[in-house]
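Enquirer: Mind looking over this structure? Questions follow.
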2 protein chains.
Amino acid sequence: MTWTPPRYPLLIVISGPAGVGKDSVLRRMKELGYPFHFVVTATDRPPRPGEVHGVDYFFLSTEEFLRLEREGELLEHAVVYGEHKGVPKQQVRDAFASGKDVIMRVDVQGAATIRRLAPEAVLIFLTAESKDELVRRLKGRGTETPEQLAERVGKIEWEMSRMQEFDYVVVNREGELDRTVAQIAAIVEAEHCRVHPRRVQL
Amino acid sequence: MTWTPPRYPLLIVISGPAGVGKDSVLRRMKELGYPFHFVVTATDRPPRPGEVHGVDYFFLSTEEFLRLEREGELLEHAVVYGEHKGVPKQQVRDAFASGKDVIMRVDVQGAATIRRLAPEAVLIFLTAESKDELVRRLKGRGTETPEQLAERVGKIEWEMSRMQEFDYVVVNREGELDRTVAQIAAIVEAEHCRVHPRRVQL
């Protein structure tokens with residue numbers, strides 16, 4: 001007779017269109033001390049001044065990176081401006097072994113890959129109030145060239161159309177970051193109460 | 001293009017074995033001002049001194065009660081010690097029309113009925129740390145005759161075995177009522193974030 005149900009660590013994936021605030025949400029959750037393992041991405045680009053291995057990124061040689069990719073040891077990977085980026089599975093396994101939920105951000109395309117490799121992941125789609133608001137945020141952060149900006153705006157409709165493949169949607173309203181974070185925390189708490197829990201196997 | 005997903009009111013059903021604390025949980029949620037409609041049960045027994053129609057119960061004549069039952073207008077009903085008790089559907093429809101989530105308690109048998117009549121209801125199973133703890137609570141409340149107590153204890157194993165048919169399970173630990181309430185609130189919040197929301201139709 002089961003009295004208290006088993007507790008399996010979760011893989012929580014935060015995705016959504018460019019500019020919606022994925023990084024801000026994760027940064028805020030870290031600040032607030034949520035007891036998750038926050039995924040560190042691996043890359044083959046050299047560290048910039050001040051960047052710490054294992055904190056900002058795992059800095060690998062291109063050869064090491066390609067070996068992980070070849071061996072199916074990456075949960076998600078992409079080539080961004082000629083640099084490799086990806087999430088080593090071992091990191092997630094290690095966090096699971098210590099009982100920790102794992103949380104990561106990924107673009108909408110990458111979320112589809114994770115769904116395929118880890119069907120039991122909890123996929124959360126972040127959205128904004130409107131397309132106008134999203135474009136405003138993208139322009140506001142000023143990190144893109146006009147060409148990159150145009151490319152990202154051009155992808156918004158397609159990205160929004162993928163929402164249906166996610167488990168949850170959270171509206172990250174302007175100025176309400178803590179509300180967004182609380183909703184994500186509620187989703188994690190509820191998932192741990194499921195009678196038929198998700199169990200990710202990597 | 002959907003930006004912010006539709007919000008449908010939920011039917012939240014709190015169930016679990018006798019003595020687990022269903023009434024205490026709902027009472028505490030009321031005290032804390034959760035914006036739910038708390039279901040009022042209909043009965044054909046006469047009001048006791050101080051009981052208010054529409055607050056403690058809806059007091060109906062046996063004839064009125066049986067008419068609702070006959071017309072399929074009860075979400076759940078039972079005969080308890082020769083008195084009829086049941087939940088009128090119209091009350092739930094009215095609360096839904098005003099946009100409110102509806103929350104109710106029901107025994108484990110009744111939860112199965114609700115699952116059949118409203119498959120999209122959110123079914124939450126309350127449990128305790130152990131069977132011993134549950135028996136201790138049942139004895140402690142002192143509201144049952146020894147025969148009733150024996151009957152309730154005898155049903156615990158069967159009630160626990162129905163957990164698998166619920167959506168969520170929450171452990172109502174001794175002295176941690178507010179933690180239980182917060183978990184239920186998290187479940188409700190998460191359910192409102194589902195990309196494919198539940199939509200109860202009565």
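We name chains A, B, ... following the order of the structure tokens; residues begin at 1 in each chain, and ligands are numbered from 1 as shown.
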Could you list, as an MDAnalysis selection string, every residue of chain A that has an atom within 12 Å of an atom of chain B, counting only C-alpha atoms?

Expert: chainID A and resid 1:7 16:17 20 122:134 156:173 179:180 182:197

Enquirer: Can you superpose chain B onto chain A by least squares over all C-alpha atoms paired in order and give the moved copy as a PDB file with C-alpha atoms, in the first residue's frame?

Expert:
```
ATOM      1  CA  MET B   1       0.006   0.017  -0.034  1.00  0.00           C
ATOM      2  CA  THR B   2       1.554   3.343  -1.101  1.00  0.00           C
ATOM      3  CA  TRP B   3       1.131   6.132   1.423  1.00  0.00           C
ATOM      4  CA  THR B   4       3.427   8.811   0.185  1.00  0.00           C
ATOM      5  CA  PRO B   5       4.069   8.630  -3.561  1.00  0.00           C
ATOM      6  CA  PRO B   6       7.596   8.362  -5.043  1.00  0.00           C
ATOM      7  CA  ARG B   7       9.386  11.603  -5.877  1.00  0.00           C
ATOM      8  CA  TYR B   8      11.370  11.721  -9.106  1.00  0.00           C
ATOM      9  CA  PRO B   9      13.456  14.754 -10.073  1.00  0.00           C
ATOM     10  CA  LEU B  10      12.040  16.756 -12.964  1.00  0.00           C
ATOM     11  CA  LEU B  11      13.578  18.175 -16.115  1.00  0.00           C
ATOM     12  CA  ILE B  12      12.001  21.596 -16.533  1.00  0.00           C
ATOM     13  CA  VAL B  13      12.475  23.313 -19.879  1.00  0.00           C
ATOM     14  CA  ILE B  14      11.758  27.023 -20.269  1.00  0.00           C
ATOM     15  CA  SER B  15      11.295  28.099 -23.866  1.00  0.00           C
ATOM     16  CA  GLY B  16       9.485  30.712 -25.934  1.00  0.00           C
ATOM     17  CA  PRO B  17      10.187  33.328 -28.618  1.00  0.00           C
ATOM     18  CA  ALA B  18      13.325  35.474 -28.585  1.00  0.00           C
ATOM     19  CA  GLY B  19      12.935  38.483 -26.320  1.00  0.00           C
ATOM     20  CA  VAL B  20      10.280  36.988 -24.061  1.00  0.00           C
ATOM     21  CA  GLY B  21      12.605  36.983 -21.039  1.00  0.00           C
ATOM     22  CA  LYS B  22      13.852  33.406 -20.604  1.00  0.00           C
ATOM     23  CA  ASP B  23      17.233  34.484 -19.239  1.00  0.00           C
ATOM     24  CA  SER B  24      15.697  37.034 -16.868  1.00  0.00           C
ATOM     25  CA  VAL B  25      13.359  34.394 -15.468  1.00  0.00           C
ATOM     26  CA  LEU B  26      16.168  31.928 -14.784  1.00  0.00           C
ATOM     27  CA  ARG B  27      18.394  34.634 -13.320  1.00  0.00           C
ATOM     28  CA  ARG B  28      15.602  35.683 -10.963  1.00  0.00           C
ATOM     29  CA  MET B  29      14.950  32.089  -9.882  1.00  0.00           C
ATOM     30  CA  LYS B  30      18.659  31.738  -9.051  1.00  0.00           C
ATOM     31  CA  GLU B  31      18.606  34.979  -7.064  1.00  0.00           C
ATOM     32  CA  LEU B  32      15.588  33.793  -5.098  1.00  0.00           C
ATOM     33  CA  GLY B  33      17.414  30.584  -4.202  1.00  0.00           C
ATOM     34  CA  TYR B  34      15.168  28.006  -5.849  1.00  0.00           C
ATOM     35  CA  PRO B  35      16.729  24.586  -5.131  1.00  0.00           C
ATOM     36  CA  PHE B  36      17.094  23.585  -8.773  1.00  0.00           C
ATOM     37  CA  HIS B  37      20.132  22.611 -10.727  1.00  0.00           C
ATOM     38  CA  PHE B  38      20.462  25.395 -13.294  1.00  0.00           C
ATOM     39  CA  VAL B  39      21.903  23.889 -16.443  1.00  0.00           C
ATOM     40  CA  VAL B  40      25.291  25.104 -17.608  1.00  0.00           C
ATOM     41  CA  THR B  41      25.752  25.031 -21.377  1.00  0.00           C
ATOM     42  CA  ALA B  42      28.891  23.597 -22.982  1.00  0.00           C
ATOM     43  CA  THR B  43      30.629  25.514 -25.767  1.00  0.00           C
ATOM     44  CA  ASP B  44      33.787  25.341 -27.822  1.00  0.00           C
ATOM     45  CA  ARG B  45      34.334  29.071 -27.929  1.00  0.00           C
ATOM     46  CA  PRO B  46      37.122  30.425 -25.731  1.00  0.00           C
ATOM     47  CA  PRO B  47      36.197  31.986 -22.372  1.00  0.00           C
ATOM     48  CA  ARG B  48      35.804  35.763 -22.313  1.00  0.00           C
ATOM     49  CA  PRO B  49      37.523  37.700 -19.532  1.00  0.00           C
ATOM     50  CA  GLY B  50      35.881  36.907 -16.194  1.00  0.00           C
ATOM     51  CA  GLU B  51      33.944  33.863 -17.430  1.00  0.00           C
ATOM     52  CA  VAL B  52      34.338  30.812 -15.203  1.00  0.00           C
ATOM     53  CA  HIS B  53      34.375  27.194 -16.397  1.00  0.00           C
ATOM     54  CA  GLY B  54      31.418  25.311 -14.930  1.00  0.00           C
ATOM     55  CA  VAL B  55      29.623  28.511 -13.952  1.00  0.00           C
ATOM     56  CA  ASP B  56      29.101  30.558 -17.117  1.00  0.00           C
ATOM     57  CA  TYR B  57      29.802  27.692 -19.505  1.00  0.00           C
ATOM     58  CA  PHE B  58      31.649  24.439 -19.723  1.00  0.00           C
ATOM     59  CA  PHE B  59      34.501  25.385 -22.048  1.00  0.00           C
ATOM     60  CA  LEU B  60      35.419  22.411 -24.187  1.00  0.00           C
ATOM     61  CA  SER B  61      37.708  21.997 -27.158  1.00  0.00           C
ATOM     62  CA  THR B  62      35.907  21.572 -30.478  1.00  0.00           C
ATOM     63  CA  GLU B  63      37.178  17.991 -30.478  1.00  0.00           C
ATOM     64  CA  GLU B  64      35.681  17.233 -27.052  1.00  0.00           C
ATOM     65  CA  PHE B  65      32.434  18.878 -28.047  1.00  0.00           C
ATOM     66  CA  LEU B  66      32.128  16.877 -31.248  1.00  0.00           C
ATOM     67  CA  ARG B  67      32.892  13.664 -29.371  1.00  0.00           C
ATOM     68  CA  LEU B  68      29.967  14.308 -26.976  1.00  0.00           C
ATOM     69  CA  GLU B  69      27.739  15.044 -29.933  1.00  0.00           C
ATOM     70  CA  ARG B  70      28.844  11.892 -31.750  1.00  0.00           C
ATOM     71  CA  GLU B  71      28.245   9.744 -28.671  1.00  0.00           C
ATOM     72  CA  GLY B  72      24.695  11.069 -28.245  1.00  0.00           C
ATOM     73  CA  GLU B  73      25.712  12.697 -24.980  1.00  0.00           C
ATOM     74  CA  LEU B  74      24.125  16.071 -25.709  1.00  0.00           C
ATOM     75  CA  LEU B  75      20.535  16.814 -24.789  1.00  0.00           C
ATOM     76  CA  GLU B  76      20.405  19.653 -27.250  1.00  0.00           C
ATOM     77  CA  HIS B  77      22.982  21.335 -29.413  1.00  0.00           C
ATOM     78  CA  ALA B  78      23.288  23.978 -32.085  1.00  0.00           C
ATOM     79  CA  VAL B  79      25.828  25.938 -34.026  1.00  0.00           C
ATOM     80  CA  VAL B  80      25.384  29.632 -33.236  1.00  0.00           C
ATOM     81  CA  TYR B  81      27.492  32.098 -35.220  1.00  0.00           C
ATOM     82  CA  GLY B  82      29.989  29.311 -35.956  1.00  0.00           C
ATOM     83  CA  GLU B  83      30.331  28.266 -32.308  1.00  0.00           C
ATOM     84  CA  HIS B  84      29.037  25.000 -30.880  1.00  0.00           C
ATOM     85  CA  LYS B  85      26.696  25.093 -27.923  1.00  0.00           C
ATOM     86  CA  GLY B  86      24.990  22.191 -26.189  1.00  0.00           C
ATOM     87  CA  VAL B  87      23.806  20.617 -22.938  1.00  0.00           C
ATOM     88  CA  PRO B  88      25.733  17.548 -21.757  1.00  0.00           C
ATOM     89  CA  LYS B  89      23.401  14.805 -20.521  1.00  0.00           C
ATOM     90  CA  GLN B  90      25.805  13.769 -17.783  1.00  0.00           C
ATOM     91  CA  GLN B  91      25.212  17.043 -15.979  1.00  0.00           C
ATOM     92  CA  VAL B  92      21.501  16.307 -15.849  1.00  0.00           C
ATOM     93  CA  ARG B  93      22.087  12.723 -14.691  1.00  0.00           C
ATOM     94  CA  ASP B  94      24.380  13.944 -11.901  1.00  0.00           C
ATOM     95  CA  ALA B  95      21.814  16.479 -10.682  1.00  0.00           C
ATOM     96  CA  PHE B  96      19.075  13.826 -10.781  1.00  0.00           C
ATOM     97  CA  ALA B  97      21.287  11.451  -8.773  1.00  0.00           C
ATOM     98  CA  SER B  98      21.485  14.092  -6.040  1.00  0.00           C
ATOM     99  CA  GLY B  99      17.676  14.415  -6.132  1.00  0.00           C
ATOM    100  CA  LYS B 100      17.606  17.868  -7.691  1.00  0.00           C
ATOM    101  CA  ASP B 101      15.146  19.136 -10.274  1.00  0.00           C
ATOM    102  CA  VAL B 102      16.949  20.438 -13.344  1.00  0.00           C
ATOM    103  CA  ILE B 103      15.894  23.621 -15.094  1.00  0.00           C
ATOM    104  CA  MET B 104      17.133  24.911 -18.430  1.00  0.00           C
ATOM    105  CA  ARG B 105      16.270  27.373 -21.152  1.00  0.00           C
ATOM    106  CA  VAL B 106      16.239  26.579 -24.811  1.00  0.00           C
ATOM    107  CA  ASP B 107      14.837  28.127 -27.990  1.00  0.00           C
ATOM    108  CA  VAL B 108      11.601  26.803 -29.446  1.00  0.00           C
ATOM    109  CA  GLN B 109      13.364  24.610 -31.990  1.00  0.00           C
ATOM    110  CA  GLY B 110      15.525  23.084 -29.245  1.00  0.00           C
ATOM    111  CA  ALA B 111      12.477  22.330 -27.098  1.00  0.00           C
ATOM    112  CA  ALA B 112      11.219  19.984 -29.821  1.00  0.00           C
ATOM    113  CA  THR B 113      14.532  18.097 -29.689  1.00  0.00           C
ATOM    114  CA  ILE B 114      14.269  17.743 -25.934  1.00  0.00           C
ATOM    115  CA  ARG B 115      10.702  16.477 -26.181  1.00  0.00           C
ATOM    116  CA  ARG B 116      12.016  13.750 -28.478  1.00  0.00           C
ATOM    117  CA  LEU B 117      15.009  12.786 -26.305  1.00  0.00           C
ATOM    118  CA  ALA B 118      13.223  13.173 -22.971  1.00  0.00           C
ATOM    119  CA  PRO B 119       9.459  12.838 -23.525  1.00  0.00           C
ATOM    120  CA  GLU B 120       8.827  13.152 -19.789  1.00  0.00           C
ATOM    121  CA  ALA B 121      10.373  16.630 -19.545  1.00  0.00           C
ATOM    122  CA  VAL B 122       8.078  19.444 -18.351  1.00  0.00           C
ATOM    123  CA  LEU B 123       7.900  21.932 -21.223  1.00  0.00           C
ATOM    124  CA  ILE B 124       6.942  25.474 -20.289  1.00  0.00           C
ATOM    125  CA  PHE B 125       6.284  28.046 -23.003  1.00  0.00           C
ATOM    126  CA  LEU B 126       6.876  31.660 -22.004  1.00  0.00           C
ATOM    127  CA  THR B 127       4.873  34.217 -23.897  1.00  0.00           C
ATOM    128  CA  ALA B 128       4.263  37.971 -23.689  1.00  0.00           C
ATOM    129  CA  GLU B 129       1.051  40.004 -23.692  1.00  0.00           C
ATOM    130  CA  SER B 130       1.223  40.608 -27.456  1.00  0.00           C
ATOM    131  CA  LYS B 131       3.499  40.533 -30.452  1.00  0.00           C
ATOM    132  CA  ASP B 132       4.009  44.308 -30.194  1.00  0.00           C
ATOM    133  CA  GLU B 133       5.280  43.917 -26.634  1.00  0.00           C
ATOM    134  CA  LEU B 134       7.683  41.198 -27.731  1.00  0.00           C
ATOM    135  CA  VAL B 135       9.093  43.283 -30.575  1.00  0.00           C
ATOM    136  CA  ARG B 136       9.464  46.219 -28.170  1.00  0.00           C
ATOM    137  CA  ARG B 137      11.519  44.042 -25.786  1.00  0.00           C
ATOM    138  CA  LEU B 138      13.702  42.701 -28.577  1.00  0.00           C
ATOM    139  CA  LYS B 139      14.482  46.226 -29.786  1.00  0.00           C
ATOM    140  CA  GLY B 140      14.945  47.458 -26.230  1.00  0.00           C
ATOM    141  CA  ARG B 141      17.693  45.027 -25.309  1.00  0.00           C
ATOM    142  CA  GLY B 142      19.842  46.348 -28.134  1.00  0.00           C
ATOM    143  CA  THR B 143      21.969  43.219 -28.448  1.00  0.00           C
ATOM    144  CA  GLU B 144      21.086  42.433 -32.064  1.00  0.00           C
ATOM    145  CA  THR B 145      22.175  44.000 -35.320  1.00  0.00           C
ATOM    146  CA  PRO B 146      19.267  45.277 -37.453  1.00  0.00           C
ATOM    147  CA  GLU B 147      19.572  42.109 -39.568  1.00  0.00           C
ATOM    148  CA  GLN B 148      19.473  39.813 -36.533  1.00  0.00           C
ATOM    149  CA  LEU B 149      16.544  41.770 -35.148  1.00  0.00           C
ATOM    150  CA  ALA B 150      14.611  41.421 -38.410  1.00  0.00           C
ATOM    151  CA  GLU B 151      15.356  37.690 -38.434  1.00  0.00           C
ATOM    152  CA  ARG B 152      14.110  37.244 -34.870  1.00  0.00           C
ATOM    153  CA  VAL B 153      10.964  39.272 -35.444  1.00  0.00           C
ATOM    154  CA  GLY B 154      10.335  37.216 -38.590  1.00  0.00           C
ATOM    155  CA  LYS B 155      10.438  34.011 -36.541  1.00  0.00           C
ATOM    156  CA  ILE B 156       7.991  35.079 -33.821  1.00  0.00           C
ATOM    157  CA  GLU B 157       4.827  33.839 -35.548  1.00  0.00           C
ATOM    158  CA  TRP B 158       6.364  30.444 -36.204  1.00  0.00           C
ATOM    159  CA  GLU B 159       7.627  30.219 -32.626  1.00  0.00           C
ATOM    160  CA  MET B 160       4.197  31.130 -31.251  1.00  0.00           C
ATOM    161  CA  SER B 161       2.579  28.442 -33.398  1.00  0.00           C
ATOM    162  CA  ARG B 162       4.611  25.756 -31.571  1.00  0.00           C
ATOM    163  CA  MET B 163       2.982  26.560 -28.218  1.00  0.00           C
ATOM    164  CA  GLN B 164       0.542  23.698 -28.704  1.00  0.00           C
ATOM    165  CA  GLU B 165       3.355  21.166 -28.279  1.00  0.00           C
ATOM    166  CA  PHE B 166       4.187  22.388 -24.775  1.00  0.00           C
ATOM    167  CA  ASP B 167       2.694  21.330 -21.438  1.00  0.00           C
ATOM    168  CA  TYR B 168       2.243  24.758 -19.899  1.00  0.00           C
ATOM    169  CA  VAL B 169       2.157  28.382 -20.974  1.00  0.00           C
ATOM    170  CA  VAL B 170       3.079  31.283 -18.713  1.00  0.00           C
ATOM    171  CA  VAL B 171       2.562  34.909 -19.704  1.00  0.00           C
ATOM    172  CA  ASN B 172       5.659  36.884 -18.713  1.00  0.00           C
ATOM    173  CA  ARG B 173       4.038  40.300 -18.350  1.00  0.00           C
ATOM    174  CA  GLU B 174       6.095  43.454 -18.345  1.00  0.00           C
ATOM    175  CA  GLY B 175       7.154  44.347 -14.795  1.00  0.00           C
ATOM    176  CA  GLU B 176       5.781  41.118 -13.308  1.00  0.00           C
ATOM    177  CA  LEU B 177       8.830  38.889 -13.329  1.00  0.00           C
ATOM    178  CA  ASP B 178       8.196  37.600  -9.814  1.00  0.00           C
ATOM    179  CA  ARG B 179       4.670  36.609 -10.781  1.00  0.00           C
ATOM    180  CA  THR B 180       6.091  34.642 -13.734  1.00  0.00           C
ATOM    181  CA  VAL B 181       8.612  32.957 -11.445  1.00  0.00           C
ATOM    182  CA  ALA B 182       5.894  32.076  -8.909  1.00  0.00           C
ATOM    183  CA  GLN B 183       3.810  30.465 -11.658  1.00  0.00           C
ATOM    184  CA  ILE B 184       6.729  28.347 -12.799  1.00  0.00           C
ATOM    185  CA  ALA B 185       7.351  27.334  -9.182  1.00  0.00           C
ATOM    186  CA  ALA B 186       3.667  26.366  -8.838  1.00  0.00           C
ATOM    187  CA  ILE B 187       3.935  24.214 -11.962  1.00  0.00           C
ATOM    188  CA  VAL B 188       6.964  22.412 -10.515  1.00  0.00           C
ATOM    189  CA  GLU B 189       5.204  21.883  -7.187  1.00  0.00           C
ATOM    190  CA  ALA B 190       2.074  20.555  -8.895  1.00  0.00           C
ATOM    191  CA  GLU B 191       4.112  18.208 -11.101  1.00  0.00           C
ATOM    192  CA  HIS B 192       5.602  16.709  -7.927  1.00  0.00           C
ATOM    193  CA  CYS B 193       2.048  15.987  -6.725  1.00  0.00           C
ATOM    194  CA  ARG B 194       1.029  13.980  -9.794  1.00  0.00           C
ATOM    195  CA  VAL B 195      -0.311  10.549  -8.955  1.00  0.00           C
ATOM    196  CA  HIS B 196       1.412   9.296 -12.100  1.00  0.00           C
ATOM    197  CA  PRO B 197       4.699  11.182 -11.933  1.00  0.00           C
ATOM    198  CA  ARG B 198       6.942  11.870 -14.895  1.00  0.00           C
ATOM    199  CA  ARG B 199      10.229  10.028 -14.763  1.00  0.00           C
ATOM    200  CA  VAL B 200      12.900  11.291 -17.107  1.00  0.00           C
ATOM    201  CA  GLN B 201      15.472   8.745 -18.225  1.00  0.00           C
ATOM    202  CA  LEU B 202      18.582   9.844 -20.073  1.00  0.00           C
TER     203      LEU B 202
END
```

Enquirer: Report the residues of stretch 3-201 of chain A whose backbone DSSP state falls under helix (DSSP H, G or I), written as a VMD selection string.

Expert: chain A and resid 22 to 31 62 to 70 89 to 97 108 to 117 131 to 141 146 to 161 163 to 165 177 to 191

Enquirer: Where in stretch 25-62 of chain A does DSSP assign strand (DSSP E or B), given as a ChimeraX atom specification?

Expert: /A:37-38,42-43,53,57-59
